[in-house]
$ cat entry-v9.txt   # compact mmCIF, N, CA and C atoms
# COMPACT_ATOMS: atom_id res chain seq x y z
N MET H 1 0.84 -1.19 0.00
CA MET H 1 0.00 0.00 0.00
C MET H 1 0.88 1.25 0.00
N GLU H 2 0.38 2.25 -0.65
CA GLU H 2 1.12 3.49 -0.82
C GLU H 2 0.77 4.50 0.26
N SER H 3 1.79 5.10 0.84
CA SER H 3 1.57 6.14 1.84
C SER H 3 1.21 7.44 1.12
N LYS H 4 0.25 8.18 1.68
CA LYS H 4 -0.18 9.45 1.11
C LYS H 4 0.05 10.56 2.12
N ILE H 5 -0.04 11.80 1.65
CA ILE H 5 0.20 12.98 2.50
C ILE H 5 -1.08 13.81 2.55
N GLY H 6 -1.36 14.34 3.74
CA GLY H 6 -2.51 15.22 3.91
C GLY H 6 -2.32 16.09 5.14
N ARG H 7 -3.37 16.78 5.52
CA ARG H 7 -3.32 17.68 6.68
C ARG H 7 -4.55 17.44 7.55
N ILE H 8 -4.37 17.63 8.85
CA ILE H 8 -5.48 17.52 9.79
C ILE H 8 -6.46 18.66 9.50
N LYS H 9 -7.69 18.31 9.17
CA LYS H 9 -8.71 19.30 8.88
C LYS H 9 -9.44 19.70 10.15
N CYS H 10 -9.78 18.71 10.97
CA CYS H 10 -10.43 18.96 12.25
C CYS H 10 -10.20 17.74 13.13
N PHE H 11 -10.30 17.94 14.43
CA PHE H 11 -10.13 16.83 15.37
C PHE H 11 -10.90 17.15 16.64
N ASP H 12 -11.81 16.25 17.02
CA ASP H 12 -12.59 16.40 18.25
C ASP H 12 -11.86 15.66 19.36
N TYR H 13 -11.24 16.39 20.24
CA TYR H 13 -10.40 15.80 21.29
C TYR H 13 -11.21 14.96 22.27
N GLU H 14 -12.45 15.36 22.54
CA GLU H 14 -13.27 14.61 23.48
C GLU H 14 -13.72 13.27 22.90
N LYS H 15 -14.04 13.25 21.61
CA LYS H 15 -14.50 12.03 20.97
C LYS H 15 -13.36 11.18 20.42
N GLY H 16 -12.21 11.80 20.19
CA GLY H 16 -11.03 11.05 19.74
C GLY H 16 -10.97 10.77 18.25
N PHE H 17 -11.63 11.59 17.45
CA PHE H 17 -11.53 11.39 16.00
C PHE H 17 -11.65 12.70 15.27
N GLY H 18 -11.30 12.66 13.97
CA GLY H 18 -11.36 13.85 13.15
C GLY H 18 -11.27 13.51 11.69
N LEU H 19 -10.82 14.49 10.89
CA LEU H 19 -10.73 14.34 9.44
C LEU H 19 -9.35 14.76 8.95
N ILE H 20 -8.92 14.10 7.90
CA ILE H 20 -7.69 14.47 7.19
C ILE H 20 -8.09 14.88 5.78
N SER H 21 -7.55 16.01 5.31
CA SER H 21 -7.75 16.44 3.92
C SER H 21 -6.53 16.01 3.12
N PRO H 22 -6.71 15.19 2.09
CA PRO H 22 -5.58 14.75 1.28
C PRO H 22 -4.98 15.91 0.50
N ASP H 23 -3.65 15.99 0.43
CA ASP H 23 -2.98 17.03 -0.36
C ASP H 23 -3.30 16.89 -1.85
N SER H 24 -3.58 15.67 -2.28
CA SER H 24 -3.88 15.42 -3.69
C SER H 24 -5.31 15.77 -4.07
N GLY H 25 -6.10 16.21 -3.10
CA GLY H 25 -7.50 16.53 -3.34
C GLY H 25 -8.38 15.31 -3.12
N GLY H 26 -9.64 15.48 -3.28
CA GLY H 26 -10.57 14.37 -3.10
C GLY H 26 -11.25 14.43 -1.75
N GLU H 27 -11.92 13.35 -1.42
CA GLU H 27 -12.74 13.26 -0.22
C GLU H 27 -11.90 13.22 1.06
N ASP H 28 -12.37 13.90 2.11
CA ASP H 28 -11.71 13.85 3.41
C ASP H 28 -11.78 12.44 3.97
N LEU H 29 -10.79 12.10 4.82
CA LEU H 29 -10.74 10.78 5.42
C LEU H 29 -10.98 10.86 6.92
N PHE H 30 -11.72 9.91 7.44
CA PHE H 30 -11.94 9.76 8.87
C PHE H 30 -10.63 9.28 9.50
N VAL H 31 -10.29 9.82 10.67
CA VAL H 31 -9.12 9.34 11.41
C VAL H 31 -9.48 9.23 12.89
N HIS H 32 -9.14 8.10 13.49
CA HIS H 32 -9.35 7.86 14.91
C HIS H 32 -8.01 8.00 15.62
N PHE H 33 -8.02 8.48 16.86
CA PHE H 33 -6.76 8.72 17.57
C PHE H 33 -5.90 7.47 17.66
N SER H 34 -6.49 6.29 17.68
CA SER H 34 -5.72 5.05 17.78
C SER H 34 -4.92 4.76 16.51
N SER H 35 -5.21 5.47 15.42
CA SER H 35 -4.48 5.28 14.16
C SER H 35 -3.21 6.12 14.09
N ILE H 36 -3.00 7.01 15.05
CA ILE H 36 -1.83 7.90 15.04
C ILE H 36 -0.67 7.16 15.70
N ARG H 37 0.41 6.98 14.94
CA ARG H 37 1.50 6.11 15.36
C ARG H 37 2.63 6.78 16.15
N ASN H 38 2.91 8.03 15.93
CA ASN H 38 4.11 8.62 16.56
C ASN H 38 3.80 9.67 17.61
N GLN H 39 2.71 9.50 18.31
CA GLN H 39 2.43 10.41 19.43
C GLN H 39 1.56 9.70 20.44
N SER H 40 1.78 9.99 21.69
CA SER H 40 1.05 9.29 22.75
C SER H 40 -0.21 10.04 23.17
N ASN H 41 -0.34 11.29 22.80
CA ASN H 41 -1.48 12.09 23.25
C ASN H 41 -2.12 12.79 22.05
N SER H 42 -3.30 12.33 21.63
CA SER H 42 -3.94 12.87 20.44
C SER H 42 -4.33 14.34 20.60
N SER H 43 -4.36 14.85 21.82
CA SER H 43 -4.72 16.26 22.01
C SER H 43 -3.63 17.19 21.49
N LEU H 44 -2.48 16.64 21.11
CA LEU H 44 -1.41 17.46 20.55
C LEU H 44 -1.60 17.73 19.06
N LEU H 45 -2.59 17.09 18.44
CA LEU H 45 -2.86 17.34 17.03
C LEU H 45 -3.30 18.77 16.82
N GLU H 46 -2.84 19.36 15.73
CA GLU H 46 -3.21 20.73 15.42
C GLU H 46 -3.83 20.79 14.03
N ILE H 47 -4.79 21.66 13.84
CA ILE H 47 -5.40 21.87 12.54
C ILE H 47 -4.30 22.32 11.57
N GLY H 48 -4.27 21.71 10.40
CA GLY H 48 -3.27 22.05 9.39
C GLY H 48 -1.98 21.25 9.50
N GLN H 49 -1.85 20.45 10.55
CA GLN H 49 -0.64 19.65 10.75
C GLN H 49 -0.51 18.61 9.63
N LYS H 50 0.69 18.48 9.08
CA LYS H 50 0.95 17.56 7.98
C LYS H 50 1.15 16.15 8.50
N VAL H 51 0.52 15.18 7.81
CA VAL H 51 0.61 13.78 8.20
C VAL H 51 0.77 12.90 6.96
N SER H 52 1.36 11.73 7.16
CA SER H 52 1.31 10.69 6.13
C SER H 52 0.37 9.61 6.65
N TYR H 53 -0.21 8.85 5.74
CA TYR H 53 -1.21 7.86 6.14
C TYR H 53 -1.40 6.84 5.02
N ILE H 54 -2.03 5.74 5.37
CA ILE H 54 -2.48 4.74 4.41
C ILE H 54 -4.00 4.86 4.34
N GLU H 55 -4.52 4.97 3.14
CA GLU H 55 -5.97 5.10 2.95
C GLU H 55 -6.59 3.74 2.70
N TYR H 56 -7.74 3.51 3.30
CA TYR H 56 -8.51 2.31 3.01
C TYR H 56 -9.99 2.61 3.10
N LYS H 57 -10.79 1.74 2.54
CA LYS H 57 -12.24 1.92 2.57
C LYS H 57 -12.80 1.33 3.85
N GLY H 58 -13.37 2.20 4.68
CA GLY H 58 -14.04 1.76 5.90
C GLY H 58 -15.52 1.56 5.63
N GLN H 59 -16.24 1.15 6.63
CA GLN H 59 -17.69 0.93 6.48
C GLN H 59 -18.44 2.22 6.17
N GLN H 60 -17.93 3.36 6.66
CA GLN H 60 -18.60 4.64 6.46
C GLN H 60 -17.96 5.48 5.35
N GLY H 61 -16.92 4.97 4.70
CA GLY H 61 -16.23 5.73 3.66
C GLY H 61 -14.73 5.66 3.87
N PRO H 62 -13.97 6.56 3.23
CA PRO H 62 -12.52 6.52 3.32
C PRO H 62 -12.01 6.77 4.74
N GLN H 63 -11.03 5.98 5.15
CA GLN H 63 -10.43 6.13 6.47
C GLN H 63 -8.90 6.14 6.35
N ALA H 64 -8.25 6.74 7.34
CA ALA H 64 -6.80 6.80 7.39
C ALA H 64 -6.31 5.88 8.49
N GLU H 65 -5.26 5.11 8.21
CA GLU H 65 -4.64 4.19 9.16
C GLU H 65 -3.14 4.43 9.11
N TYR H 66 -2.43 4.03 10.14
CA TYR H 66 -0.97 4.20 10.22
C TYR H 66 -0.58 5.66 9.97
N VAL H 67 -1.25 6.55 10.66
CA VAL H 67 -1.03 7.99 10.51
C VAL H 67 0.23 8.39 11.27
N VAL H 68 1.12 9.12 10.58
CA VAL H 68 2.38 9.57 11.17
C VAL H 68 2.47 11.08 10.96
N ILE H 69 2.70 11.81 12.03
CA ILE H 69 2.87 13.26 11.95
C ILE H 69 4.26 13.54 11.37
N ILE H 70 4.29 14.41 10.35
CA ILE H 70 5.58 14.73 9.70
C ILE H 70 5.88 16.21 9.78

$ encode --input "entry-v9.txt" --output "structure tokens"
Amino acid sequence: MESKIGRIKCFDYEKGFGLISPDSGGEDLFVHFSSIRNQSNSSLLEIGQKVSYIEYKGQQGPQAEYVVII
């Protein structure tokens, strides 16, 4: 699988999930805090922060897994 680049669009710290906007355009991806690999506290995520991720089709649409803050 190919790693892609995007940015954090929004993140709800209380619920533990948010959205990533792909740099290549297209539909936003759902991201859960458990998918973030290089940080122990998801509350450190910032809007606009650059990330790499693997995209896959979830039950509700596109999702991001193996998210790494870059």

$ closest_residue --input "entry-v9.txt" --among "H:Val68, H:Glu2, H:Glu14, H:Gly26" --to "Asn38 of chain H" --atoms "all atoms listed in the file"
H:Val68

$ closest_residue --input "entry-v9.txt" --among "H:Gly58, H:Ile5, H:Phe17, H:Leu45" --to "His32 of chain H" --atoms "all atoms listed in the file"
H:Phe17

$ select_by_dssp --input "entry-v9.txt" --residues "chain H" --states "strand (DSSP E)" --output "PyMOL selection string"
chain H and resi 3-12+17-22+29-32+50-58+61-69

$ residues_around --input "entry-v9.txt" --residues "Phe30 of chain H" --least-positions-apart "2" --cutoff "6 Å" --atoms "only C-alpha atoms" --output "JSON, numbers by chain"
{"H": [18, 19, 63]}

$ residues_near_point --input "entry-v9.txt" --point "(-3.3, 4.1, 14.9)" --cutoff "6.5 Å" --atoms "only N, CA and C atoms" --output "tab-separated table (two decimals) with N, CA and C atoms, in the frame of the given file"
chain	number	residue	atom	x	y	z
H	32	HIS	N	-9.14	8.10	13.49
H	32	HIS	CA	-9.35	7.86	14.91
H	32	HIS	C	-8.01	8.00	15.62
H	33	PHE	N	-8.02	8.48	16.86
H	33	PHE	CA	-6.76	8.72	17.57
H	33	PHE	C	-5.90	7.47	17.66
H	34	SER	N	-6.49	6.29	17.68
H	34	SER	CA	-5.72	5.05	17.78
H	34	SER	C	-4.92	4.76	16.51
H	35	SER	N	-5.21	5.47	15.42
H	35	SER	CA	-4.48	5.28	14.16
H	35	SER	C	-3.21	6.12	14.09
H	36	ILE	N	-3.00	7.01	15.05
H	36	ILE	CA	-1.83	7.90	15.04
H	36	ILE	C	-0.67	7.16	15.70
H	37	ARG	N	0.41	6.98	14.94
H	37	ARG	CA	1.50	6.11	15.36
H	37	ARG	C	2.63	6.78	16.15
H	65	GLU	N	-5.26	5.11	8.21
H	65	GLU	CA	-4.64	4.19	9.16
H	65	GLU	C	-3.14	4.43	9.11
H	66	TYR	N	-2.43	4.03	10.14
H	66	TYR	CA	-0.97	4.20	10.22
H	66	TYR	C	-0.58	5.66	9.97
H	67	VAL	N	-1.25	6.55	10.66
H	67	VAL	CA	-1.03	7.99	10.51
H	67	VAL	C	0.23	8.39	11.27

$ residues_near_point --input "entry-v9.txt" --point "(-4.2, 14.2, 5.2)" --cutoff "7 Å" --atoms "only N, CA and C atoms" --output "count of residues only"
16

$ closest_residue --input "entry-v9.txt" --among "H:Leu44, H:Ser3, H:Ile70, H:Tyr13" --to "Tyr56 of chain H" --atoms "only C-alpha atoms"
H:Ser3

$ atom_distance --input "entry-v9.txt" --atom1 "atom CA of Ile47 of chain H" --atom2 "atom CA of Gly61 of chain H"
21.4 Å
